[in-house]
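Engineer: File name structure.cif; file contents mmCIF, C-alpha atoms and all ligand atoms; full text below.
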```
data_my_file
#
loop_
_atom_site.label_atom_id
_atom_site.label_comp_id
_atom_site.auth_asym_id
_atom_site.auth_seq_id
_atom_site.Cartn_x
_atom_site.Cartn_y
_atom_site.Cartn_z
CA MET A 1 -75.15 -83.06 144.55
CA SER A 2 -78.54 -81.37 145.03
CA TRP A 3 -77.32 -78.88 147.65
CA GLU A 4 -77.26 -75.61 145.76
CA LEU A 5 -74.14 -73.47 145.81
CA SER A 6 -74.23 -69.80 146.71
CA GLU A 7 -72.29 -67.26 144.64
CA PHE A 8 -69.49 -67.63 147.20
CA GLY A 9 -69.75 -71.41 146.92
CA ARG A 10 -69.58 -71.33 143.13
CA GLY A 11 -66.43 -69.26 143.31
CA MET A 12 -64.80 -71.47 145.89
CA CYS A 13 -65.94 -75.02 145.13
CA THR A 14 -66.22 -75.50 141.39
CA GLY A 15 -62.60 -75.74 140.32
CA SER A 16 -59.61 -73.43 140.14
CA GLY A 17 -56.03 -73.45 138.99
CA ILE A 18 -54.68 -73.35 142.51
CA TRP A 19 -56.83 -76.33 143.56
CA GLU A 20 -55.62 -78.34 140.59
CA LEU A 21 -52.05 -77.41 141.36
CA MET A 22 -52.29 -78.30 145.06
CA GLU A 23 -54.04 -81.59 144.24
CA ASP A 24 -51.27 -82.47 141.78
CA LEU A 25 -48.71 -81.55 144.43
CA GLY A 26 -50.39 -83.52 147.21
CA GLU A 27 -50.79 -86.61 145.02
CA ALA A 28 -47.21 -86.48 143.78
CA LEU A 29 -45.82 -86.08 147.30
CA ALA A 30 -48.09 -88.84 148.64
CA ARG A 31 -46.97 -91.24 145.92
CA GLY A 32 -43.39 -90.36 146.77
CA GLY A 33 -40.65 -92.16 144.92
CA ASP A 34 -42.59 -93.23 141.83
CA ARG A 35 -41.91 -91.91 138.37
CA THR A 36 -43.76 -88.60 138.64
CA ARG A 37 -41.54 -85.60 138.01
CA MET A 38 -43.16 -82.89 140.06
CA LEU A 39 -42.17 -79.59 138.52
CA GLY A 40 -45.53 -78.03 139.23
CA GLY A 41 -46.10 -76.79 142.77
CA GLY A 42 -44.40 -74.20 144.89
CA GLN A 43 -43.08 -76.80 147.32
CA PRO A 44 -39.76 -75.56 148.68
CA ALA A 45 -36.85 -77.99 148.68
CA HIS A 46 -35.86 -79.92 151.77
CA ILE A 47 -32.44 -78.42 152.44
CA PRO A 48 -30.74 -80.71 154.96
CA GLU A 49 -29.13 -77.88 156.95
CA ILE A 50 -32.48 -76.13 157.24
CA ASP A 51 -34.42 -79.28 158.14
CA ALA A 52 -31.82 -79.92 160.88
CA ILE A 53 -32.59 -76.52 162.38
CA TRP A 54 -36.31 -77.31 162.60
CA ARG A 55 -35.52 -80.60 164.32
CA GLN A 56 -33.22 -78.87 166.77
CA ARG A 57 -35.80 -76.19 167.49
CA MET A 58 -38.49 -78.83 168.14
CA GLU A 59 -36.15 -80.55 170.60
CA GLU A 60 -35.52 -77.24 172.36
CA ILE A 61 -39.25 -76.59 172.55
CA MET A 62 -39.83 -80.08 173.98
CA GLU A 63 -37.16 -79.58 176.62
CA ALA A 64 -37.98 -76.05 177.75
CA PRO A 65 -40.51 -76.18 180.60
CA GLY A 66 -43.99 -75.24 179.42
CA GLU A 67 -43.04 -74.33 175.83
CA LEU A 68 -44.58 -77.33 174.13
CA GLU A 69 -47.72 -76.99 176.24
CA HIS A 70 -47.94 -73.32 175.32
CA MET A 71 -47.48 -74.02 171.63
CA LEU A 72 -50.01 -76.85 171.45
CA GLY A 73 -52.44 -75.96 174.19
CA ASN A 74 -53.07 -72.22 173.81
CA TYR A 75 -55.19 -70.06 171.57
CA GLU A 76 -53.08 -66.97 170.87
CA GLY A 77 -54.65 -63.59 170.22
CA PRO A 78 -55.87 -63.24 166.63
CA ALA A 79 -53.01 -60.97 165.55
CA GLY A 80 -50.47 -63.59 166.64
CA ASN A 81 -48.05 -64.11 169.50
CA GLU A 82 -47.03 -60.75 170.96
CA GLU A 83 -43.37 -61.67 171.42
CA PHE A 84 -43.11 -63.05 167.91
CA ARG A 85 -44.67 -59.91 166.48
CA ALA A 86 -42.25 -57.77 168.47
CA ALA A 87 -39.34 -59.88 167.22
CA VAL A 88 -40.44 -59.47 163.59
CA ALA A 89 -40.88 -55.71 164.02
CA GLY A 90 -37.42 -55.54 165.62
CA LEU A 91 -35.80 -57.42 162.75
CA PHE A 92 -37.21 -55.13 160.08
CA ARG A 93 -36.48 -52.04 162.17
CA HIS A 94 -32.92 -53.14 162.63
CA GLU A 95 -32.34 -54.33 159.05
CA PHE A 96 -34.06 -51.58 157.11
CA GLY A 97 -34.66 -48.76 159.60
CA TRP A 98 -38.44 -48.94 159.18
CA ASN A 99 -40.49 -47.42 161.96
CA LEU A 100 -42.35 -50.56 163.07
CA GLY A 101 -43.66 -51.95 166.35
CA SER A 102 -45.51 -55.13 167.16
CA ARG A 103 -48.81 -53.42 166.35
CA ASN A 104 -47.69 -53.16 162.73
CA ILE A 105 -47.36 -56.93 162.52
CA GLY A 106 -50.25 -59.37 162.02
CA ILE A 107 -50.02 -63.13 161.70
CA THR A 108 -52.23 -65.17 159.39
CA ALA A 109 -52.61 -68.84 158.52
CA GLY A 110 -50.13 -68.59 155.66
CA GLY A 111 -49.66 -65.77 153.21
CA GLN A 112 -52.48 -67.25 151.15
CA THR A 113 -55.01 -66.46 153.88
CA ALA A 114 -53.62 -62.94 154.22
CA PHE A 115 -54.42 -62.32 150.56
CA PHE A 116 -57.94 -63.65 150.92
CA PHE A 117 -58.52 -61.22 153.78
CA LEU A 118 -56.82 -58.25 152.15
CA PHE A 119 -58.39 -58.56 148.71
CA ASN A 120 -61.92 -59.17 149.92
CA SER A 121 -61.87 -56.44 152.55
CA LEU A 122 -60.41 -53.81 150.21
CA ALA A 123 -62.17 -54.65 146.95
CA GLY A 124 -65.45 -56.15 145.75
CA ARG A 125 -68.95 -54.73 146.22
CA PHE A 126 -69.46 -51.72 148.48
CA GLU A 127 -72.53 -50.69 150.49
CA ASP A 128 -73.57 -48.06 147.96
CA GLY A 129 -73.37 -50.54 145.08
CA ARG A 130 -69.98 -49.45 143.72
CA ARG A 131 -67.49 -52.19 142.79
CA LYS A 132 -63.76 -51.89 143.15
CA LYS A 133 -60.91 -54.08 141.98
CA ILE A 134 -57.36 -54.98 142.80
CA LEU A 135 -55.03 -53.76 140.06
CA LEU A 136 -52.23 -56.14 139.13
CA PRO A 137 -49.61 -53.91 137.44
CA ILE A 138 -48.05 -56.93 135.73
CA VAL A 139 -49.92 -59.96 134.55
CA PRO A 140 -48.90 -62.88 134.60
CA GLU A 141 -49.24 -62.86 138.38
CA TYR A 142 -49.51 -65.47 141.15
CA ILE A 143 -52.13 -68.15 140.43
CA GLY A 144 -53.11 -68.26 144.11
CA TYR A 145 -54.77 -64.83 144.01
CA ALA A 146 -56.97 -65.62 141.04
CA ASN A 147 -59.94 -67.37 142.64
CA GLN A 148 -60.02 -65.64 146.00
CA SER A 149 -63.06 -63.45 145.40
CA THR A 150 -66.08 -63.95 147.63
CA GLY A 151 -68.26 -62.54 144.85
CA GLY A 152 -67.62 -61.29 141.33
CA GLU A 153 -64.47 -60.37 139.45
CA LEU A 154 -61.87 -58.98 141.82
CA PHE A 155 -58.91 -58.21 139.56
CA ARG A 156 -57.91 -55.88 136.81
CA GLY A 157 -54.67 -57.02 135.23
CA ALA A 158 -52.29 -54.96 133.13
CA ARG A 159 -50.19 -56.31 130.31
CA PRO A 160 -46.47 -55.78 130.80
CA LYS A 161 -43.87 -54.45 128.41
CA PHE A 162 -41.48 -57.07 127.07
CA GLU A 163 -37.78 -56.47 127.13
CA LEU A 164 -35.76 -58.98 125.09
CA THR A 165 -32.67 -59.31 127.25
CA GLY A 166 -30.81 -62.06 125.38
CA GLU A 167 -31.13 -64.41 122.45
CA HIS A 168 -33.32 -66.71 124.53
CA GLU A 169 -34.17 -64.45 127.44
CA PHE A 170 -36.76 -61.77 128.21
CA LYS A 171 -38.03 -59.69 131.11
CA TYR A 172 -41.44 -58.18 131.84
CA ARG A 173 -41.61 -54.57 132.93
CA VAL A 174 -44.46 -52.48 134.25
CA ASP A 175 -46.02 -50.55 131.39
CA PHE A 176 -46.58 -47.31 133.29
CA ASP A 177 -47.79 -45.53 130.14
CA ASN A 178 -50.82 -47.77 130.03
CA LEU A 179 -51.42 -48.30 133.76
CA VAL A 180 -54.82 -46.84 134.50
CA ILE A 181 -55.65 -46.05 138.12
CA ASP A 182 -59.19 -44.74 138.37
CA GLU A 183 -61.78 -44.69 141.14
CA ASP A 184 -62.54 -48.39 140.52
CA VAL A 185 -59.09 -49.41 141.75
CA ALA A 186 -59.05 -50.27 145.45
CA ALA A 187 -55.41 -51.35 145.74
CA MET A 188 -52.47 -52.57 143.68
CA CYS A 189 -50.70 -55.88 144.25
CA VAL A 190 -47.40 -57.31 143.02
CA SER A 191 -45.43 -60.35 144.05
CA ARG A 192 -41.71 -59.52 144.22
CA PRO A 193 -39.95 -61.82 143.36
CA THR A 194 -42.82 -62.73 141.10
CA ASN A 195 -44.46 -66.10 141.02
CA PRO A 196 -44.61 -67.43 138.25
CA THR A 197 -41.89 -65.61 136.33
CA GLY A 198 -38.94 -65.17 138.69
CA ASN A 199 -39.09 -61.47 137.83
CA VAL A 200 -38.01 -58.95 140.43
CA LEU A 201 -39.52 -55.55 139.91
CA THR A 202 -36.73 -52.98 139.97
CA ASP A 203 -36.39 -50.48 142.81
CA ASN A 204 -37.48 -47.78 140.35
CA GLU A 205 -40.61 -49.69 139.42
CA ILE A 206 -41.49 -50.20 143.08
CA VAL A 207 -40.84 -46.56 143.99
CA HIS A 208 -42.97 -45.47 141.04
CA LEU A 209 -45.82 -47.79 142.09
CA ALA A 210 -45.56 -46.53 145.69
CA GLU A 211 -45.77 -42.95 144.46
CA LEU A 212 -48.86 -43.77 142.42
CA ALA A 213 -50.39 -45.50 145.45
CA ALA A 214 -49.78 -42.41 147.58
CA GLU A 215 -51.12 -40.10 144.88
CA HIS A 216 -54.38 -42.07 144.70
CA ASP A 217 -54.41 -42.94 148.41
CA ILE A 218 -54.71 -46.65 147.81
CA PRO A 219 -52.55 -49.39 149.31
CA LEU A 220 -49.75 -51.04 147.39
CA ILE A 221 -49.59 -54.68 148.44
CA ILE A 222 -46.13 -56.18 147.99
CA ASP A 223 -46.06 -59.95 148.33
CA ASN A 224 -42.60 -60.69 149.66
CA ALA A 225 -43.05 -64.47 150.00
CA TYR A 226 -39.63 -65.04 148.34
CA GLY A 227 -38.02 -61.74 149.20
CA ALA A 228 -35.62 -60.15 151.68
CA PRO A 229 -34.72 -60.46 154.47
CA PHE A 230 -36.12 -64.01 154.60
CA PRO A 231 -36.13 -66.33 152.72
CA ASN A 232 -34.18 -63.96 150.44
CA ILE A 233 -34.57 -66.12 147.34
CA ILE A 234 -33.56 -63.21 145.22
CA PHE A 235 -30.59 -63.14 142.84
CA THR A 236 -30.37 -59.43 142.05
CA ASP A 237 -29.36 -56.47 144.11
CA VAL A 238 -32.61 -54.74 145.06
CA LYS A 239 -33.97 -53.07 148.17
CA PRO A 240 -37.06 -54.07 150.13
CA PHE A 241 -39.50 -51.23 150.47
CA TRP A 242 -42.13 -50.25 153.04
CA ASN A 243 -44.00 -47.17 154.11
CA GLU A 244 -47.48 -46.57 155.55
CA GLN A 245 -48.99 -46.77 152.06
CA ILE A 246 -47.61 -50.26 151.63
CA ILE A 247 -48.89 -53.60 152.90
CA LEU A 248 -45.96 -55.98 152.89
CA THR A 249 -46.58 -59.69 153.31
CA GLN A 250 -44.04 -62.29 154.39
CA SER A 251 -44.31 -66.03 154.78
CA LEU A 252 -42.40 -68.72 156.65
CA SER A 253 -43.15 -71.20 153.86
CA LYS A 254 -40.31 -70.70 151.45
CA ILE A 255 -37.58 -70.76 154.07
CA GLY A 256 -38.85 -74.26 154.76
CA LEU A 257 -41.91 -74.19 157.04
CA PRO A 258 -44.92 -74.45 154.68
CA GLY A 259 -46.50 -77.04 156.97
CA THR A 260 -46.81 -74.54 159.79
CA ARG A 261 -48.96 -72.20 157.66
CA THR A 262 -47.53 -68.91 158.90
CA GLY A 263 -48.03 -65.63 157.09
CA ILE A 264 -46.96 -62.20 158.31
CA VAL A 265 -48.58 -58.90 157.34
CA ILE A 266 -46.63 -55.68 157.88
CA ALA A 267 -48.74 -52.57 157.63
CA ARG A 268 -50.17 -49.57 159.43
CA GLU A 269 -51.86 -50.42 162.72
CA GLU A 270 -55.47 -49.97 161.55
CA LEU A 271 -54.90 -52.49 158.77
CA ILE A 272 -53.43 -55.02 161.20
CA ARG A 273 -56.50 -54.63 163.42
CA ARG A 274 -58.69 -55.43 160.41
CA VAL A 275 -56.63 -58.53 159.61
CA SER A 276 -56.85 -59.66 163.22
CA SER A 277 -60.63 -59.14 163.19
CA MET A 278 -60.94 -61.32 160.08
CA THR A 279 -58.75 -64.01 161.63
CA SER A 280 -60.97 -64.19 164.69
CA ILE A 281 -64.12 -64.47 162.56
CA VAL A 282 -62.77 -67.06 160.14
CA GLY A 283 -60.43 -69.07 162.35
CA LEU A 284 -60.40 -67.66 165.91
CA SER A 285 -56.63 -67.56 166.01
CA ASN A 286 -53.57 -68.73 164.10
CA THR A 287 -51.31 -71.71 164.14
CA ASN A 288 -48.58 -71.37 166.77
CA ALA A 289 -45.88 -73.78 165.65
CA GLY A 290 -44.18 -71.62 163.03
CA GLN A 291 -44.02 -68.64 165.34
CA ALA A 292 -42.63 -70.76 168.19
CA ILE A 293 -39.99 -72.39 165.98
CA MET A 294 -38.88 -69.14 164.38
CA GLN A 295 -38.96 -66.66 167.23
CA PRO A 296 -35.42 -67.14 168.63
CA LEU A 297 -33.98 -67.30 165.12
CA ILE A 298 -35.53 -63.93 164.38
CA GLU A 299 -34.42 -62.49 167.71
CA ASN A 300 -30.78 -63.54 167.31
CA GLY A 301 -30.58 -62.81 163.58
CA GLU A 302 -29.90 -66.45 162.68
CA VAL A 303 -32.76 -66.29 160.17
CA LEU A 304 -30.69 -63.79 158.17
CA ARG A 305 -27.63 -66.02 158.14
CA LEU A 306 -29.71 -69.02 157.05
CA SER A 307 -31.41 -67.01 154.32
CA ASN A 308 -28.26 -65.39 152.98
CA GLU A 309 -25.77 -68.21 153.39
CA VAL A 310 -27.87 -71.35 152.91
CA VAL A 311 -31.26 -70.79 151.29
CA GLN A 312 -30.36 -68.15 148.72
CA PRO A 313 -27.20 -69.85 147.37
CA PHE A 314 -29.07 -73.17 147.25
CA TYR A 315 -31.80 -71.82 144.99
CA ARG A 316 -29.45 -69.66 142.95
CA LYS A 317 -27.52 -72.80 142.06
CA LYS A 318 -30.76 -74.63 141.29
CA SER A 319 -31.81 -71.83 138.97
CA GLU A 320 -28.46 -71.79 137.17
CA GLN A 321 -28.53 -75.55 136.81
CA ALA A 322 -32.07 -75.48 135.43
CA GLN A 323 -31.10 -72.81 132.91
CA ALA A 324 -28.14 -74.91 131.82
CA TRP A 325 -30.48 -77.84 131.12
CA VAL A 326 -32.84 -75.61 129.20
CA LYS A 327 -29.89 -74.59 127.04
CA GLU A 328 -28.76 -78.18 126.63
CA PHE A 329 -32.16 -79.55 125.60
CA PHE A 330 -33.78 -76.56 123.87
CA ASP A 331 -31.04 -74.64 122.05
CA ASP A 332 -30.98 -75.00 118.27
CA LEU A 333 -34.21 -77.01 118.46
CA LEU A 334 -36.87 -74.68 119.70
CA PRO A 335 -37.98 -71.07 119.45
CA TYR A 336 -38.06 -70.42 123.18
CA ARG A 337 -37.37 -67.72 125.70
CA VAL A 338 -36.87 -67.93 129.45
CA HIS A 339 -37.81 -65.07 131.71
CA ARG A 340 -34.67 -63.68 133.36
CA SER A 341 -34.38 -65.64 136.59
CA GLU A 342 -34.03 -63.06 139.34
CA GLY A 343 -35.61 -64.94 142.24
CA ALA A 344 -38.26 -67.43 143.46
CA LEU A 345 -38.40 -71.14 142.65
CA PHE A 346 -39.41 -71.22 139.00
CA LEU A 347 -38.37 -70.82 135.42
CA TRP A 348 -40.97 -69.24 133.16
CA LEU A 349 -40.72 -70.52 129.61
CA TRP A 350 -42.25 -68.79 126.62
CA PHE A 351 -42.76 -70.66 123.36
CA ASP A 352 -43.66 -68.00 120.82
CA GLY A 353 -46.22 -69.21 118.28
CA LEU A 354 -46.73 -72.56 120.03
CA PRO A 355 -49.25 -74.43 117.85
CA ILE A 356 -51.04 -75.99 120.84
CA THR A 357 -52.16 -74.29 124.05
CA SER A 358 -50.07 -74.52 127.20
CA ARG A 359 -53.02 -76.38 128.74
CA GLU A 360 -52.78 -79.05 126.03
CA LEU A 361 -49.03 -79.19 126.54
CA TYR A 362 -49.61 -79.67 130.30
CA GLU A 363 -51.90 -82.63 129.58
CA ARG A 364 -49.36 -84.22 127.24
CA LEU A 365 -46.60 -83.77 129.81
CA LYS A 366 -48.79 -85.15 132.58
CA ALA A 367 -49.41 -88.24 130.47
CA ARG A 368 -45.62 -88.65 130.51
CA ASN A 369 -45.43 -88.17 134.28
CA VAL A 370 -44.05 -84.65 134.13
CA LEU A 371 -46.14 -82.18 136.11
CA VAL A 372 -45.80 -78.47 135.31
CA VAL A 373 -48.22 -75.56 135.59
CA PRO A 374 -49.72 -74.30 132.32
CA GLY A 375 -49.17 -70.57 131.98
CA ASN A 376 -52.78 -69.64 131.21
CA TYR A 377 -53.71 -69.76 134.90
CA PHE A 378 -51.47 -66.80 135.65
CA PHE A 379 -53.20 -64.51 133.16
CA TYR A 380 -56.37 -63.22 134.77
CA GLY A 381 -58.18 -59.95 135.20
CA LEU A 382 -57.40 -59.09 131.58
CA GLU A 383 -60.03 -57.60 129.33
CA ASP A 384 -58.28 -58.74 126.20
CA GLU A 385 -59.01 -62.47 126.02
CA GLU A 386 -57.29 -62.78 122.66
CA TRP A 387 -53.70 -62.32 123.76
CA GLU A 388 -52.01 -65.47 122.46
CA HIS A 389 -49.06 -65.06 124.82
CA ARG A 390 -51.28 -66.35 127.64
CA HIS A 391 -51.36 -69.79 126.00
CA GLU A 392 -47.64 -69.96 125.20
CA CYS A 393 -46.00 -70.20 128.61
CA LEU A 394 -45.16 -72.82 131.23
CA ARG A 395 -44.07 -72.47 134.84
CA ILE A 396 -41.45 -74.99 135.87
CA SER A 397 -40.37 -75.41 139.46
CA PHE A 398 -36.66 -76.22 139.88
CA THR A 399 -36.73 -77.24 143.55
CA MET A 400 -36.76 -81.00 143.11
CA SER A 401 -33.74 -83.27 142.87
CA GLU A 402 -31.35 -82.86 139.94
CA ASP A 403 -32.36 -86.05 138.15
CA VAL A 404 -36.06 -85.16 138.39
CA VAL A 405 -35.59 -81.63 137.05
CA ARG A 406 -33.17 -82.68 134.31
CA GLU A 407 -35.41 -85.47 133.09
CA GLY A 408 -38.38 -83.10 133.28
CA PHE A 409 -36.71 -80.59 130.96
CA ARG A 410 -35.69 -83.37 128.58
CA VAL A 411 -39.30 -84.53 128.26
CA ILE A 412 -40.59 -80.96 127.95
CA ALA A 413 -38.16 -80.35 125.08
CA GLU A 414 -39.39 -83.50 123.31
CA GLU A 415 -43.05 -82.61 123.68
CA VAL A 416 -42.62 -79.00 122.64
CA LYS A 417 -40.60 -80.06 119.62
CA ARG A 418 -43.36 -82.49 118.68
CA ALA A 419 -45.96 -79.76 119.07
CA TYR A 420 -44.06 -77.35 116.78
CA ALA A 421 -43.71 -80.14 114.20
CA GLU A 422 -47.48 -80.83 114.05
C1 LIG B 1 -46.12 -65.33 145.47
C2 LIG B 1 -46.71 -66.13 146.56
N1 LIG B 1 -47.43 -65.51 147.49
C3 LIG B 1 -48.00 -66.17 148.50
C4 LIG B 1 -47.88 -67.53 148.60
C5 LIG B 1 -48.58 -68.20 149.74
O1 LIG B 1 -47.72 -68.94 150.54
P1 LIG B 1 -48.11 -69.43 151.99
O2 LIG B 1 -49.61 -69.39 152.11
O3 LIG B 1 -47.57 -70.80 152.07
O4 LIG B 1 -47.48 -68.45 152.93
C6 LIG B 1 -47.16 -68.25 147.65
C7 LIG B 1 -47.04 -69.71 147.70
O5 LIG B 1 -46.59 -70.37 146.83
C8 LIG B 1 -46.56 -67.52 146.61
O6 LIG B 1 -45.85 -68.14 145.66
#
```
If you took the structure in this file and wrote it as C-alpha cells, what would it be?
Structural biologist:
Amino acid sequence: MSWELSEFGRGMCTGSGIWELMEDLGEALARGGDRTRMLGGGQPAHIPEIDAIWRQRMEEIMEAPGELEHMLGNYEGPAGNEEFRAAVAGLFRHEFGWNLGSRNIGITAGGQTAFFFLFNSLAGRFEDGRRKKILLPIVPEYIGYANQSTGGELFRGARPKFELTGEHEFKYRVDFDNLVIDEDVAAMCVSRPTNPTGNVLTDNEIVHLAELAAEHDIPLIIDNAYGAPFPNIIFTDVKPFWNEQIILTQSLSKIGLPGTRTGIVIAREELIRRVSSMTSIVGLSNTNAGQAIMQPLIENGEVLRLSNEVVQPFYRKKSEQAQAWVKEFFDDLLPYRVHRSEGALFLWLWFDGLPITSRELYERLKARNVLVVPGNYFFYGLEDEEWEHRHECLRISFTMSEDVVREGFRVIAEEVKRAYAE
C-alpha cells in the first residue's frame, strides 16, 4: 500500500509476536472442532461451573429493572464504574489490609491496554531528549509487552539465574547481582505468575524489587493477571504485595471473562488519574459488561470462592496432567527441562542444544496442526543477541481438552526427537 507508515505505524502495523499469536488463536477457535491442536494462545478454559455463573449473572442483569439498559446504554466515567471500583478496593482492603479506596482503582479495556498506557507514559522519549526504558528483571517475559512502544525501544531485559531444581526441571531467579538500575530506567515490570514460564517470583524477590524501586523512586509494575486473589492460578504459597511504589494490575480475563476486556489498575491516586486521562483520549470510556457481571461477586466474596475452589484446582490439575504427559513422551528420549510450574496456564519447555531454532520447530509443529508459541518472542530488550537459550524454548498452553493437549505433547516429542537426530 502506498500510504506511508509513521514511526508509530511501523511499530504497530508491520508484524509482531502477539499479533501472530492472536491470529493463530482466532483462526483455531473459528475453525472449531477440526484437527488443530491449539496449545498456543492464552485462552482460558471454559470451566462449566464458571460459565454457568456468567449465564446466571446475565439473567439477573436482564431481569433487574434498568441494569441491562445501564450496562449497554451508558458511557461510564473513564476510570470505570464508581461502585465497581469501590467494590474492588474493598476486596483488597479486606483480604490484604491494603489502604485502598475507589480512587486507587482504574479500569482499562483489558490488562493489555493498561500496559500500553503505563509503559508509554512512564518510558520512551522525554521533552528534554532523554530516553528511558522499562526494566524487565527477568527475561523471558510476557510477549504482549514486547511491541507496545509508540516509538523506539522501550525495554531493557535482564537475564535470569538458572536454578536446576530436578533432573528435568529448572527455575529462573532474578539475578540481583547483575540488575542495573540507572537513570535510564523509568520503571520495572514483572508478571507474577509469569507468562510464559509459570514462574512465581518468591516473596523475597518481590520485596527486594520493591525496595529497589523505592530506593530509586521508580514504580514497580506487578502484572497479577494470574495471581491472587482472583483468578488465583497460583500453585505455591506466596503473598500478594502492594504499596504506593507499586502499580498492581489485575484482569478479569483468566477467571473466564476475556471477551469483556476488563483490566484493573491498582495504584496511587495520581497514577489512576493518568490512566483515566489516557482512557478518555484513546477510547472515551471502558467496556461495562465485565464490571457489571463481576460487581456482586466481588462484593459478596464469591469471586474468592470461585478462584480458590474452582479455578485454581482446575488449572493445578491441568498442569499436573500436562507434566505427566511430558514425562511419558519425553523421558529417556530427549534432553529437556520444564520450568517449575508454579502458576498460570503454560508449561515452558527448554531443549538445551536444540539443533534447530524454536521458530523452525514452531513451523514444523504448525504443519502438523499443533500450534505452540516459539520461545524467541519472549526474549526482548536484551543487548546480548547471541544467547542461544532464546531459541531453545517453547511455551505450551495446557488449557485445552485432555485429548488435544496429550496429542499435542506426543507430536512435540516426535518433532523434537527428529530435530535432535538431524
Ligand atoms: C501476563 C499477562 N498480562 C496481561 C495479559 C493481558 O490480558 P487481558 O488484556 O486479557 O486482561 C495477559 C494475557 O494473556 C497475560 O498473560
Engineer: Suppose you want the space between atom CA of Leu25 of chain A and atom CA of Thr260 of chain A; what is it in Å?
Structural biologist: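 Value for the atom CA of Leu25 of chain A-atom CA of Thr260 of chain A distance: 17.0 Å.
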Engineer: With all atoms listed in the file as the atoms that count, which of A:Pro374, A:Pro231, A:Pro160, A:Pro65 lies nearest to Asp175 of chain A?
Structural biologist: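 The shortest atom-to-atom distance to Asp175 of chain A comes from A:Pro160.
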Engineer: May I ask which of the residues A:Glu183, A:Thr249, A:Trp348, A:Leu365 is the closest one to Val275 of chain A, counting all atoms listed in the file?
Structural biologist: A:Thr249
Engineer: Tell me, in Å to one decimal, how far atom CA of Pro140 of chain A is from atom CA of Phe409 of chain A.
Structural biologist: 21.8 Å
Engineer: For Gln112 of chain A, which residue among A:Arg35, A:Arg261, A:His391, A:Arg130 is the nearest when counting all atoms listed in the file?
Structural biologist: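 Under the stated criterion, the closest residue is A:Arg261.
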Engineer: Measuring atom to atom with only C-alpha atoms, identify which of A:Asp24, A:Glu302, A:Asp332, A:Glu342 is nearest to Gly227 of chain A.
Structural biologist: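 The shortest atom-to-atom distance to Gly227 of chain A comes from A:Glu342.
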Engineer: 7 Å from ligand LIG 1 (chain B) is the threshold here; counting only C-alpha atoms and all ligand atoms, which polymer residues fall inside it? Answer as an mmCIF file with C-alpha atoms, keeping the file's coordinate frame.
Structural biologist:
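Final file, result.cif:
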```cif
data_model
loop_
_atom_site.group_PDB
_atom_site.id
_atom_site.type_symbol
_atom_site.label_atom_id
_atom_site.label_comp_id
_atom_site.auth_asym_id
_atom_site.auth_seq_id
_atom_site.Cartn_x
_atom_site.Cartn_y
_atom_site.Cartn_z
ATOM 1 C CA GLY A 42 -44.400 -74.200 144.890
ATOM 2 C CA GLY A 110 -50.130 -68.590 155.660
ATOM 3 C CA GLY A 111 -49.660 -65.770 153.210
ATOM 4 C CA GLN A 112 -52.480 -67.250 151.150
ATOM 5 C CA THR A 113 -55.010 -66.460 153.880
ATOM 6 C CA TYR A 142 -49.510 -65.470 141.150
ATOM 7 C CA GLY A 144 -53.110 -68.260 144.110
ATOM 8 C CA SER A 191 -45.430 -60.350 144.050
ATOM 9 C CA THR A 194 -42.820 -62.730 141.100
ATOM 10 C CA ASN A 195 -44.460 -66.100 141.020
ATOM 11 C CA ASP A 223 -46.060 -59.950 148.330
ATOM 12 C CA ALA A 225 -43.050 -64.470 150.000
ATOM 13 C CA SER A 251 -44.310 -66.030 154.780
ATOM 14 C CA LEU A 252 -42.400 -68.720 156.650
ATOM 15 C CA SER A 253 -43.150 -71.200 153.860
ATOM 16 C CA PRO A 258 -44.920 -74.450 154.680
ATOM 17 C CA ARG A 261 -48.960 -72.200 157.660
ATOM 18 C CA THR A 262 -47.530 -68.910 158.900
ATOM 19 C CA GLY A 263 -48.030 -65.630 157.090
#
```
Engineer: I'd like the interatomic distance between atom CA of Phe126 of chain A and atom CA of Glu153 of chain A, to a tenth of an Å.
Structural biologist: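 So the answer is 13.5 Å.
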